[in-house]
>>> print(open('run.cif').read())   # mmCIF, C-alpha atoms
data_query
#
loop_
_atom_site.label_atom_id
_atom_site.label_comp_id
_atom_site.auth_asym_id
_atom_site.auth_seq_id
_atom_site.Cartn_x
_atom_site.Cartn_y
_atom_site.Cartn_z
CA MET A 1 2.83 -12.14 -30.33
CA GLY A 2 1.03 -9.28 -28.59
CA GLU A 3 2.32 -10.28 -25.15
CA ALA A 4 5.89 -10.64 -26.47
CA LEU A 5 5.79 -7.14 -27.94
CA LEU A 6 4.30 -5.73 -24.73
CA TYR A 7 7.06 -7.42 -22.73
CA LEU A 8 9.79 -5.93 -24.94
CA VAL A 9 8.29 -2.46 -24.63
CA ALA A 10 8.04 -2.85 -20.85
CA ARG A 11 11.66 -4.07 -20.61
CA ALA A 12 12.85 -1.11 -22.66
CA LEU A 13 10.85 1.33 -20.52
CA VAL A 14 12.25 -0.18 -17.31
CA ALA A 15 15.82 -0.07 -18.61
CA GLY A 16 15.42 3.51 -19.82
CA LEU A 17 14.02 4.83 -16.54
CA GLN A 18 16.57 2.98 -14.42
CA ALA A 19 19.39 4.56 -16.43
CA LEU A 20 18.25 8.10 -15.56
CA PRO A 21 18.78 10.13 -12.36
CA LEU A 22 15.95 9.76 -9.86
CA GLY A 23 15.04 13.46 -9.93
CA LEU A 24 14.65 13.41 -13.71
CA VAL A 25 12.58 10.23 -13.50
CA ALA A 26 10.24 11.94 -11.02
CA ARG A 27 9.80 14.96 -13.33
CA LEU A 28 9.15 12.74 -16.35
CA GLY A 29 6.61 10.83 -14.29
CA ARG A 30 4.78 13.99 -13.30
CA TRP A 31 4.65 15.04 -16.96
CA GLY A 32 3.30 11.62 -17.93
CA GLY A 33 0.71 11.76 -15.15
CA GLY A 34 -0.42 15.17 -16.36
CA LEU A 35 -0.84 13.74 -19.86
CA ALA A 36 -2.83 10.81 -18.47
CA TRP A 37 -5.18 13.29 -16.78
CA TRP A 38 -6.31 14.45 -20.24
CA LEU A 39 -6.23 11.06 -21.98
CA ASP A 40 -7.67 8.68 -19.37
CA GLY A 41 -11.25 9.84 -19.03
CA ARG A 42 -12.48 6.74 -17.20
CA HIS A 43 -10.04 6.99 -14.31
CA ARG A 44 -10.38 10.78 -14.25
CA ARG A 45 -14.11 10.38 -13.64
CA VAL A 46 -13.51 7.79 -10.90
CA ALA A 47 -11.03 10.08 -9.11
CA LEU A 48 -13.35 13.09 -9.34
CA ARG A 49 -16.30 11.05 -8.06
CA ASN A 50 -14.31 9.68 -5.12
CA LEU A 51 -12.93 13.08 -4.18
CA GLN A 52 -16.40 14.60 -4.37
CA ARG A 53 -17.71 11.83 -2.09
CA VAL A 54 -15.07 12.57 0.56
CA PHE A 55 -14.41 16.31 0.23
CA GLY A 56 -17.54 17.58 -1.53
CA GLY A 57 -18.74 19.30 1.63
CA GLU A 58 -15.37 20.97 2.24
CA LEU A 59 -13.89 21.88 -1.15
CA SER A 60 -15.25 23.68 -4.20
CA PRO A 61 -15.61 21.80 -7.50
CA ARG A 62 -12.64 23.78 -8.82
CA ALA A 63 -10.47 22.77 -5.85
CA ILE A 64 -11.50 19.13 -6.22
CA ARG A 65 -10.60 19.19 -9.91
CA ALA A 66 -7.19 20.73 -9.13
CA LEU A 67 -6.61 18.09 -6.45
CA ALA A 68 -7.50 15.30 -8.88
CA ARG A 69 -5.13 16.70 -11.50
CA GLU A 70 -2.29 16.84 -8.99
CA HIS A 71 -3.14 13.28 -8.00
CA PHE A 72 -2.60 12.12 -11.59
CA ARG A 73 0.79 13.85 -11.61
CA ARG A 74 1.63 12.05 -8.36
CA LEU A 75 0.59 8.72 -9.88
CA GLY A 76 2.96 9.23 -12.79
CA GLU A 77 5.74 10.25 -10.41
CA ASN A 78 5.11 7.27 -8.13
CA TYR A 79 5.01 4.66 -10.88
CA CYS A 80 8.14 5.90 -12.62
CA CYS A 81 10.03 6.35 -9.36
CA ALA A 82 9.01 2.85 -8.24
CA ILE A 83 10.74 1.45 -11.31
CA LYS A 84 13.87 3.51 -10.64
CA THR A 85 14.06 2.92 -6.88
CA ALA A 86 13.68 -0.84 -7.41
CA ALA A 87 17.19 -0.84 -8.91
CA MET A 88 18.77 1.47 -6.33
CA SER A 89 20.98 0.17 -3.53
CA PRO A 90 20.09 0.98 0.07
CA GLU A 91 23.00 3.42 0.16
CA ALA A 92 21.79 5.27 -2.94
CA LEU A 93 18.21 5.27 -1.67
CA ARG A 94 18.98 6.46 1.86
CA PRO A 95 19.07 10.23 1.05
CA HIS A 96 15.59 9.94 -0.49
CA LEU A 97 13.83 7.75 2.08
CA GLN A 98 13.40 7.87 5.83
CA PHE A 99 11.50 5.69 8.28
CA VAL A 100 9.73 7.39 11.18
CA GLY A 101 8.44 5.77 14.35
CA THR A 102 9.97 2.40 13.62
CA GLU A 103 11.88 2.36 16.92
CA ILE A 104 8.82 0.71 18.43
CA LEU A 105 9.56 -2.37 16.33
CA ARG A 106 12.76 -2.88 18.28
CA GLU A 107 11.27 -2.56 21.75
CA GLY A 108 12.29 -5.25 24.22
CA ARG A 109 15.58 -6.84 25.21
CA SER A 110 18.45 -6.02 22.88
CA ASP A 111 19.84 -9.57 23.18
CA GLN A 112 16.65 -11.10 21.77
CA PRO A 113 15.20 -10.95 18.25
CA PRO A 114 12.39 -8.38 17.83
CA ARG A 115 8.80 -9.49 17.98
CA SER A 116 7.01 -10.14 14.71
CA ARG A 117 4.21 -7.75 13.71
CA VAL A 118 1.46 -7.26 11.14
CA ILE A 119 1.60 -4.01 9.17
CA ALA A 120 -1.51 -2.67 7.43
CA LEU A 121 -0.39 -0.93 4.26
CA GLY A 122 -2.19 1.39 1.87
CA HIS A 123 -1.70 2.78 -1.62
CA PHE A 124 0.07 5.91 -0.41
CA GLY A 125 2.94 7.54 -2.28
CA ASN A 126 5.58 5.20 -3.71
CA PHE A 127 4.10 2.21 -1.89
CA GLU A 128 6.65 -0.19 -3.41
CA LEU A 129 9.12 1.30 -0.90
CA TYR A 130 7.39 -0.50 1.98
CA ALA A 131 9.26 -3.64 0.92
CA ARG A 132 12.66 -1.95 1.36
CA PHE A 133 12.45 -1.66 5.16
CA GLY A 134 14.23 -4.95 5.72
CA GLN A 135 17.32 -3.60 3.96
CA PHE A 136 17.54 -0.79 6.54
CA ALA A 137 16.65 -3.07 9.46
CA PRO A 138 18.26 -6.46 8.69
CA GLU A 139 16.96 -7.98 11.92
CA PHE A 140 13.58 -8.22 10.15
CA GLN A 141 12.38 -10.39 7.28
CA CYS A 142 9.58 -8.62 5.39
CA LEU A 143 6.75 -10.69 3.92
CA THR A 144 3.90 -9.49 1.74
CA THR A 145 1.38 -10.63 -0.84
CA TYR A 146 0.76 -9.66 -4.45
CA ARG A 147 -1.70 -10.50 -7.21
CA ALA A 148 -0.03 -12.00 -10.27
CA LEU A 149 -0.50 -10.27 -13.61
CA ARG A 150 -2.39 -12.10 -16.32
CA GLN A 151 0.59 -11.98 -18.69
CA PRO A 152 3.25 -14.45 -17.40
CA SER A 153 6.17 -12.57 -18.98
CA LEU A 154 5.12 -9.24 -17.46
CA ASN A 155 4.57 -10.94 -14.12
CA ARG A 156 8.14 -12.29 -14.22
CA LEU A 157 9.41 -8.80 -14.98
CA LEU A 158 7.47 -7.39 -12.03
CA LEU A 159 8.88 -10.03 -9.69
CA GLN A 160 12.39 -9.36 -10.96
CA LEU A 161 11.96 -5.71 -10.02
CA ARG A 162 10.62 -6.58 -6.59
CA GLU A 163 13.02 -9.37 -5.63
CA ARG A 164 15.89 -6.90 -5.19
CA SER A 165 14.11 -5.47 -2.16
CA GLY A 166 14.88 -8.54 -0.04
CA CYS A 167 11.18 -8.84 0.80
CA ARG A 168 9.49 -12.20 0.18
CA PHE A 169 6.42 -11.97 -2.04
CA PHE A 170 3.58 -14.51 -1.94
CA GLU A 171 0.83 -14.73 -4.57
CA ARG A 172 -2.33 -14.14 -2.58
CA ARG A 173 -4.46 -16.73 -4.39
CA SER A 174 -1.97 -19.62 -4.58
CA ASP A 175 0.68 -19.07 -1.89
CA ALA A 176 -1.46 -18.72 1.24
CA ALA A 177 -0.07 -21.89 2.83
CA ALA A 178 3.52 -20.83 2.11
CA LEU A 179 2.88 -17.42 3.67
CA ARG A 180 1.47 -18.98 6.84
CA ALA A 181 4.47 -21.29 7.07
CA ALA A 182 6.84 -18.30 6.84
CA ILE A 183 5.33 -16.47 9.81
CA ARG A 184 7.37 -16.78 13.02
CA PRO A 185 6.95 -15.25 16.50
CA THR A 186 10.05 -13.08 16.08
CA GLY A 187 11.85 -11.16 13.35
CA VAL A 188 9.06 -11.04 10.75
CA LEU A 189 6.99 -8.12 9.43
CA VAL A 190 3.87 -9.19 7.53
CA GLY A 191 2.81 -6.27 5.34
CA LEU A 192 -0.69 -6.52 3.83
CA LEU A 193 -2.46 -3.95 1.67
CA ALA A 194 -5.64 -3.06 3.53
CA ASP A 195 -7.21 -0.46 1.23
CA GLN A 196 -8.28 -2.64 -1.68
CA ARG A 197 -11.87 -3.32 -2.67
CA THR A 198 -12.70 -7.00 -2.07
CA GLY A 199 -16.26 -7.17 -3.41
CA GLY A 200 -18.72 -9.49 -1.75
CA ARG A 201 -15.92 -11.30 0.11
CA GLY A 202 -15.07 -8.26 2.21
CA LEU A 203 -16.79 -6.77 5.23
CA ALA A 204 -18.82 -3.58 4.89
CA VAL A 205 -16.80 -1.22 7.10
CA PRO A 206 -17.24 2.57 6.96
CA PHE A 207 -14.53 4.58 5.21
CA PHE A 208 -15.04 8.36 5.35
CA GLY A 209 -18.56 7.64 6.55
CA HIS A 210 -19.54 5.37 3.65
CA PRO A 211 -19.51 1.56 3.78
CA CYS A 212 -16.95 -0.10 1.55
CA SER A 213 -15.80 -3.67 0.99
CA THR A 214 -12.84 -4.24 3.31
CA SER A 215 -10.57 -7.26 3.55
CA PRO A 216 -10.36 -8.61 7.12
CA ALA A 217 -6.91 -10.12 6.48
CA VAL A 218 -4.83 -7.74 8.62
CA ALA A 219 -7.09 -8.27 11.63
CA LEU A 220 -7.31 -12.03 11.15
CA PHE A 221 -3.55 -12.46 10.83
CA ALA A 222 -2.90 -10.34 13.92
CA LEU A 223 -5.49 -12.26 15.93
CA ARG A 224 -4.54 -15.73 14.79
CA TYR A 225 -0.81 -15.31 15.37
CA ARG A 226 -1.21 -12.96 18.37
CA LEU A 227 0.92 -10.29 16.73
CA PRO A 228 0.78 -6.51 17.27
CA LEU A 229 -0.92 -4.61 14.44
CA HIS A 230 0.23 -1.25 13.06
CA VAL A 231 -0.49 0.99 10.07
CA ALA A 232 2.36 2.30 7.90
CA ILE A 233 1.96 5.26 5.52
CA CYS A 234 4.33 6.34 2.74
CA TYR A 235 4.25 10.15 2.51
CA ARG A 236 5.75 12.18 -0.32
CA THR A 237 7.90 14.85 1.34
CA GLY A 238 9.25 16.40 -1.86
CA LEU A 239 10.19 15.56 -5.42
CA ALA A 240 11.54 11.98 -5.29
CA ARG A 241 11.60 12.02 -1.49
CA TRP A 242 9.50 9.92 0.88
CA SER A 243 8.93 9.23 4.53
CA ILE A 244 7.35 5.99 5.74
CA GLU A 245 5.71 6.51 9.12
CA LEU A 246 4.59 3.78 11.50
CA GLY A 247 1.42 4.46 13.46
CA PRO A 248 0.61 3.45 17.04
CA GLU A 249 -0.36 -0.13 17.77
CA ILE A 250 -4.00 -0.96 17.11
CA PRO A 251 -5.46 -3.07 19.94
CA THR A 252 -6.64 -6.47 18.75
CA ARG A 253 -7.65 -7.78 22.19
CA LEU A 254 -9.69 -6.28 25.00
CA HIS A 255 -9.51 -7.74 28.51
CA GLY A 256 -7.72 -10.75 27.09
CA ARG A 257 -10.40 -11.49 24.49
CA PRO A 258 -10.30 -10.83 20.71
CA ARG A 259 -11.89 -7.58 19.63
CA PRO A 260 -14.51 -7.81 16.86
CA VAL A 261 -12.82 -7.74 13.48
CA PRO A 262 -14.95 -4.80 12.21
CA ASP A 263 -13.84 -2.73 15.21
CA ILE A 264 -10.19 -3.42 14.40
CA LEU A 265 -10.76 -2.50 10.76
CA ARG A 266 -12.45 0.77 11.78
CA ASP A 267 -9.27 1.69 13.67
CA VAL A 268 -7.21 0.89 10.56
CA HIS A 269 -9.52 3.07 8.47
CA ALA A 270 -9.25 5.90 11.00
CA GLN A 271 -5.47 6.03 10.53
CA PHE A 272 -5.87 5.85 6.74
CA GLU A 273 -8.38 8.70 6.84
CA ALA A 274 -6.03 10.87 8.91
CA ALA A 275 -3.21 10.20 6.42
CA ILE A 276 -5.44 11.11 3.47
CA ARG A 277 -6.54 14.35 5.08
CA ARG A 278 -2.90 15.22 5.76
CA ASP A 279 -2.05 14.94 2.05
CA PRO A 280 -5.14 14.20 -0.09
CA ALA A 281 -3.23 13.86 -3.38
CA ASN A 282 -1.05 11.11 -1.90
CA TRP A 283 -3.69 8.34 -1.89
CA PHE A 284 -4.94 6.15 -4.78
CA TRP A 285 -8.17 7.90 -5.81
CA VAL A 286 -8.52 6.12 -9.17
CA HIS A 287 -9.51 2.92 -7.33
CA ASP A 288 -13.19 3.02 -6.31
CA ARG A 289 -13.28 1.62 -2.77
CA TRP A 290 -17.02 2.25 -2.50
CA LYS A 291 -18.19 0.54 -5.69
CA HIS A 292 -19.19 -2.66 -3.85
CA PRO A 293 -19.89 -2.09 -0.14
CA GLY A 294 -19.29 -5.74 0.82
CA ARG A 295 -21.28 -8.06 3.03
CA PRO A 296 -22.71 -6.81 6.33
CA SER A 297 -20.23 -6.78 9.19
CA PRO A 298 -21.00 -9.43 11.81
CA ALA A 299 -21.73 -8.20 15.32
CA ARG A 300 -18.67 -10.06 16.53
CA ALA A 301 -16.01 -11.71 14.40
CA VAL A 302 -12.86 -13.39 15.69
CA ALA A 303 -9.93 -15.19 14.16
CA PRO A 304 -10.91 -18.60 12.78
CA ALA A 305 -9.41 -21.79 14.13
CA GLY A 306 -8.45 -22.81 10.62
CA GLY A 307 -6.59 -21.00 7.84
CA VAL A 308 -6.70 -17.32 7.09
#
>>> encode(input="run.cif", output="structure tokens")
Amino acid sequence: MGEALLYLVARALVAGLQALPLGLVARLGRWGGGLAWWLDGRHRRVALRNLQRVFGGELSPRAIRALAREHFRRLGENYCCAIKTAAMSPEALRPHLQFVGTEILREGRSDQPPRSRVIALGHFGNFELYARFGQFAPEFQCLTTYRALRQPSLNRLLLQLRERSGCRFFERRSDAAALRAAIRPTGVLVGLLADQRTGGRGLAVPFFGHPCSTSPAVALFALRYRLPLHVAICYRTGLARWSIELGPEIPTRLHGRPRPVPDILRDVHAQFEAAIRRDPANWFWVHDRWKHPGRPSPARAVAPAGGV
């Protein structure tokens, strides 16, 4: 009974937001995020602690508190806008979203399909927009993973929102084989979130100078399938406006041999750190990346011969 009621409330919220103009949705989201700042003490403390860890030597306590409060407003804006943009056509979305640096994805002969690539993603801005790239570049099929919600009805609602993007979603715990089967040498972009805490399963790789548990998936996929690796960042450029920027290729091989996985992940973190410093309120500070530092990084780690 509780799940059914929660599903009905969620459906009504989704329908209500999708019926409103995007600009109004963004403003309502910022108001809701500001309210959450006062009501959600647990996540407020996590955000303040994380910001103090990273910027404590650069910003005053007052500035850190103001940054955290703006971050909560951004969270509300991002979540509400993600619901609205999920229902928008590419034509309606185009004035609000631009892709920068993606010309590199089309390098090579124009009469051949573009090379597949691995894209390291982070929780920046309206990160659900990463999945929309294939609608603006139909020569690519976008693939990504997700973690299913515990409530089956809410999970179905989430997938219904996401399926309109044209991106193929694979449940990370049960669809690993299907994801591997979908990877081809050309025409595929494999987008994987690389800024999530993975506990004892992850490698302890420094992030802003502090070790944190880091999934090796982006490095392992790039090494195993011999695909170029890039970082993509979703920046907020204004109210209900975003720019997704593709970073330079991260080397995964040196002199023809695989680079150590921790070295590759440090390069991913370096691009994440630069993006966070560019717009500190744009990243997901309510998730504690440093809570579990992960297992020690091996001196040299390469792609396994078996599955990823």
>>> resolve_selection(input="run.cif", expression="the PyMOL selection byres ((chain A and resi 168-182) around 7)", output="list in words")
Cys142, Leu143, Thr144, Thr145, Tyr146, Arg147, Ala148, Gly166, Cys167, Ile183 and Arg184 of chain A
>>> resolve_selection(input="run.cif", expression="the PyMOL selection byres ((chain A and resi 19) around 12)", output="PyMOL selection string")
chain A and resi 12-18+20-25+80-81+83-88
>>> atom_distance(input="run.cif", atom1="atom CA of His292 of chain A", atom2="atom CA of Val205 of chain A")
11.3 Å
>>> closest_atom_pairs(input="run.cif", of="segment 257-294 of chain A", to="segment 40-56 of chain A", cutoff="10 Å", atoms="all atoms listed in the file", output="JSON lines")
{"residue": "A:Glu273", "atom": "CA", "partner": "A:Val54", "partner_atom": "CA", "distance": 10.0}
{"residue": "A:Arg277", "atom": "CA", "partner": "A:Phe55", "partner_atom": "CA", "distance": 9.4}
{"residue": "A:Pro280", "atom": "CA", "partner": "A:Leu51", "partner_atom": "CA", "distance": 8.9}
{"residue": "A:Ala281", "atom": "CA", "partner": "A:Leu51", "partner_atom": "CA", "distance": 9.8}
{"residue": "A:Phe284", "atom": "CA", "partner": "A:Ala47", "partner_atom": "CA", "distance": 8.4}
{"residue": "A:Trp285", "atom": "CA", "partner": "A:Ala47", "partner_atom": "CA", "distance": 4.9}
{"residue": "A:Val286", "atom": "CA", "partner": "A:Ala47", "partner_atom": "CA", "distance": 4.7}
{"residue": "A:His287", "atom": "CA", "partner": "A:Val46", "partner_atom": "CA", "distance": 7.2}
{"residue": "A:Asp288", "atom": "CA", "partner": "A:Val46", "partner_atom": "CA", "distance": 6.6}
{"residue": "A:Arg289", "atom": "CA", "partner": "A:Asn50", "partner_atom": "CA", "distance": 8.5}
{"residue": "A:Trp290", "atom": "CA", "partner": "A:Asn50", "partner_atom": "CA", "distance": 8.3}
{"residue": "A:Lys291", "atom": "CA", "partner": "A:Asn50", "partner_atom": "CA", "distance": 9.9}
>>> atom_distance(input="run.cif", atom1="atom CA of Pro113 of chain A", atom2="atom CA of Glu91 of chain A")
24.4 Å
>>> residues_around(input="run.cif", residues="Leu193 of chain A", least_positions_apart="6", cutoff="6 Å", atoms="only C-alpha atoms", output="MDAnalysis selection string")
chainID A and resid 120:122
>>> resolve_selection(input="run.cif", expression="the PyMOL selection byres ((chain A and resi 97-100) around 12)", output="ChimeraX atom specification")
/A:85,88-96,101-105,125-127,129-130,132-137,232-248
>>> closest_residue(input="run.cif", among="A:Arg253, A:His269, A:Arg73, A:Arg156", to="Pro228 of chain A", atoms="all atoms listed in the file")
A:Arg253
>>> atom_distance(input="run.cif", atom1="atom CA of Leu227 of chain A", atom2="atom CA of Arg164 of chain A")
26.8 Å
>>> closest_residue(input="run.cif", among="A:Ala194, A:Asp279, A:Leu158, A:Gly2", to="His71 of chain A", atoms="only C-alpha atoms")
A:Asp279
>>> closest_residue(input="run.cif", among="A:Ala63, A:Glu3, A:Glu139, A:Ala270", to="Asp111 of chain A", atoms="all atoms listed in the file")
A:Glu139
>>> axis_aligned_box(input="run.cif", around="segment 59-62 of chain A", padding_each_side="6 Å", output="JSON")
{"center_x": -14.1, "center_y": 22.8, "center_z": -5.0, "size_x": 15.0, "size_y": 14.0, "size_z": 19.7}
>>> residues_around(input="run.cif", residues="Pro293 of chain A", least_positions_apart="3", cutoff="10 Å", atoms="all atoms listed in the file", output="PDB file with C-alpha atoms, in the coordinates of the input")
ATOM      1  CA  ARG A 197     -11.870  -3.320  -2.670  1.00  0.00           C
ATOM      2  CA  THR A 198     -12.700  -7.000  -2.070  1.00  0.00           C
ATOM      3  CA  GLY A 199     -16.260  -7.170  -3.410  1.00  0.00           C
ATOM      4  CA  GLY A 200     -18.720  -9.490  -1.750  1.00  0.00           C
ATOM      5  CA  GLY A 202     -15.070  -8.260   2.210  1.00  0.00           C
ATOM      6  CA  LEU A 203     -16.790  -6.770   5.230  1.00  0.00           C
ATOM      7  CA  ALA A 204     -18.820  -3.580   4.890  1.00  0.00           C
ATOM      8  CA  VAL A 205     -16.800  -1.220   7.100  1.00  0.00           C
ATOM      9  CA  PRO A 206     -17.240   2.570   6.960  1.00  0.00           C
ATOM     10  CA  HIS A 210     -19.540   5.370   3.650  1.00  0.00           C
ATOM     11  CA  PRO A 211     -19.510   1.560   3.780  1.00  0.00           C
ATOM     12  CA  CYS A 212     -16.950  -0.100   1.550  1.00  0.00           C
ATOM     13  CA  SER A 213     -15.800  -3.670   0.990  1.00  0.00           C
ATOM     14  CA  THR A 214     -12.840  -4.240   3.310  1.00  0.00           C
ATOM     15  CA  ARG A 289     -13.280   1.620  -2.770  1.00  0.00           C
ATOM     16  CA  TRP A 290     -17.020   2.250  -2.500  1.00  0.00           C
ATOM     17  CA  PRO A 296     -22.710  -6.810   6.330  1.00  0.00           C
TER      18      PRO A 296
END
>>> closest_residue(input="run.cif", among="A:Arg257, A:Arg150, A:His123, A:Arg295", to="Val231 of chain A", atoms="all atoms listed in the file")
A:His123
>>> closest_residue(input="run.cif", among="A:Ala82, A:Val218, A:Phe207, A:Ser165", to="Gly191 of chain A", atoms="only C-alpha atoms")
A:Val218
>>> closest_residue(input="run.cif", among="A:Pro138, A:Pro152, A:Gly209, A:Pro216", to="Leu189 of chain A", atoms="only C-alpha atoms")
A:Pro138
>>> decode(input="run.cif", residues="segment 202-223 of chain A", atoms="N, CA and C atoms", output="PDB file, in the first residue's frame")
ATOM      1  N   GLY A 202      36.266  -0.556  -4.516  1.00  0.00           N
ATOM      2  CA  GLY A 202      36.958   0.420  -5.341  1.00  0.00           C
ATOM      3  C   GLY A 202      38.422   0.550  -4.970  1.00  0.00           C
ATOM      4  N   LEU A 203      39.155   1.259  -5.839  1.00  0.00           N
ATOM      5  CA  LEU A 203      40.566   1.541  -5.578  1.00  0.00           C
ATOM      6  C   LEU A 203      40.688   2.871  -4.820  1.00  0.00           C
ATOM      7  N   ALA A 204      41.644   2.943  -3.936  1.00  0.00           N
ATOM      8  CA  ALA A 204      41.897   4.171  -3.187  1.00  0.00           C
ATOM      9  C   ALA A 204      42.736   5.105  -4.053  1.00  0.00           C
ATOM     10  N   VAL A 205      42.070   6.045  -4.720  1.00  0.00           N
ATOM     11  CA  VAL A 205      42.728   6.983  -5.628  1.00  0.00           C
ATOM     12  C   VAL A 205      42.497   8.394  -5.097  1.00  0.00           C
ATOM     13  N   PRO A 206      43.524   9.230  -5.031  1.00  0.00           N
ATOM     14  CA  PRO A 206      43.344  10.572  -4.465  1.00  0.00           C
ATOM     15  C   PRO A 206      42.345  11.414  -5.255  1.00  0.00           C
ATOM     16  N   PHE A 207      41.518  12.146  -4.514  1.00  0.00           N
ATOM     17  CA  PHE A 207      40.581  13.103  -5.094  1.00  0.00           C
ATOM     18  C   PHE A 207      40.676  14.349  -4.230  1.00  0.00           C
ATOM     19  N   PHE A 208      41.150  15.453  -4.797  1.00  0.00           N
ATOM     20  CA  PHE A 208      41.462  16.671  -4.042  1.00  0.00           C
ATOM     21  C   PHE A 208      42.433  16.363  -2.904  1.00  0.00           C
ATOM     22  N   GLY A 209      43.381  15.472  -3.181  1.00  0.00           N
ATOM     23  CA  GLY A 209      44.429  15.193  -2.213  1.00  0.00           C
ATOM     24  C   GLY A 209      44.082  14.193  -1.143  1.00  0.00           C
ATOM     25  N   HIS A 210      42.861  13.658  -1.147  1.00  0.00           N
ATOM     26  CA  HIS A 210      42.436  12.696  -0.138  1.00  0.00           C
ATOM     27  C   HIS A 210      42.007  11.402  -0.817  1.00  0.00           C
ATOM     28  N   PRO A 211      42.449  10.242  -0.330  1.00  0.00           N
ATOM     29  CA  PRO A 211      42.056   8.991  -0.986  1.00  0.00           C
ATOM     30  C   PRO A 211      40.564   8.749  -0.872  1.00  0.00           C
ATOM     31  N   CYS A 212      39.975   8.257  -1.942  1.00  0.00           N
ATOM     32  CA  CYS A 212      38.559   7.908  -1.910  1.00  0.00           C
ATOM     33  C   CYS A 212      38.344   6.644  -2.745  1.00  0.00           C
ATOM     34  N   SER A 213      37.293   5.924  -2.444  1.00  0.00           N
ATOM     35  CA  SER A 213      36.989   4.689  -3.150  1.00  0.00           C
ATOM     36  C   SER A 213      36.517   5.013  -4.562  1.00  0.00           C
ATOM     37  N   THR A 214      37.238   4.510  -5.554  1.00  0.00           N
ATOM     38  CA  THR A 214      36.989   4.866  -6.951  1.00  0.00           C
ATOM     39  C   THR A 214      36.788   3.608  -7.783  1.00  0.00           C
ATOM     40  N   SER A 215      35.699   3.580  -8.540  1.00  0.00           N
ATOM     41  CA  SER A 215      35.453   2.446  -9.427  1.00  0.00           C
ATOM     42  C   SER A 215      36.448   2.462 -10.586  1.00  0.00           C
ATOM     43  N   PRO A 216      37.060   1.321 -10.901  1.00  0.00           N
ATOM     44  CA  PRO A 216      37.989   1.266 -12.032  1.00  0.00           C
ATOM     45  C   PRO A 216      37.304   1.026 -13.365  1.00  0.00           C
ATOM     46  N   ALA A 217      35.964   1.034 -13.403  1.00  0.00           N
ATOM     47  CA  ALA A 217      35.227   0.570 -14.582  1.00  0.00           C
ATOM     48  C   ALA A 217      35.605   1.322 -15.856  1.00  0.00           C
ATOM     49  N   VAL A 218      35.713   2.670 -15.784  1.00  0.00           N
ATOM     50  CA  VAL A 218      35.981   3.410 -17.021  1.00  0.00           C
ATOM     51  C   VAL A 218      37.331   3.022 -17.606  1.00  0.00           C
ATOM     52  N   ALA A 219      38.318   2.841 -16.741  1.00  0.00           N
ATOM     53  CA  ALA A 219      39.645   2.450 -17.218  1.00  0.00           C
ATOM     54  C   ALA A 219      39.638   1.029 -17.760  1.00  0.00           C
ATOM     55  N   LEU A 220      38.962   0.117 -17.066  1.00  0.00           N
ATOM     56  CA  LEU A 220      38.938  -1.273 -17.494  1.00  0.00           C
ATOM     57  C   LEU A 220      38.215  -1.447 -18.822  1.00  0.00           C
ATOM     58  N   PHE A 221      37.100  -0.747 -19.004  1.00  0.00           N
ATOM     59  CA  PHE A 221      36.381  -0.834 -20.273  1.00  0.00           C
ATOM     60  C   PHE A 221      37.243  -0.290 -21.410  1.00  0.00           C
ATOM     61  N   ALA A 222      37.873   0.859 -21.190  1.00  0.00           N
ATOM     62  CA  ALA A 222      38.702   1.448 -22.243  1.00  0.00           C
ATOM     63  C   ALA A 222      39.869   0.540 -22.597  1.00  0.00           C
ATOM     64  N   LEU A 223      40.487  -0.079 -21.598  1.00  0.00           N
ATOM     65  CA  LEU A 223      41.613  -0.968 -21.854  1.00  0.00           C
ATOM     66  C   LEU A 223      41.172  -2.254 -22.538  1.00  0.00           C
TER      67      LEU A 223
END
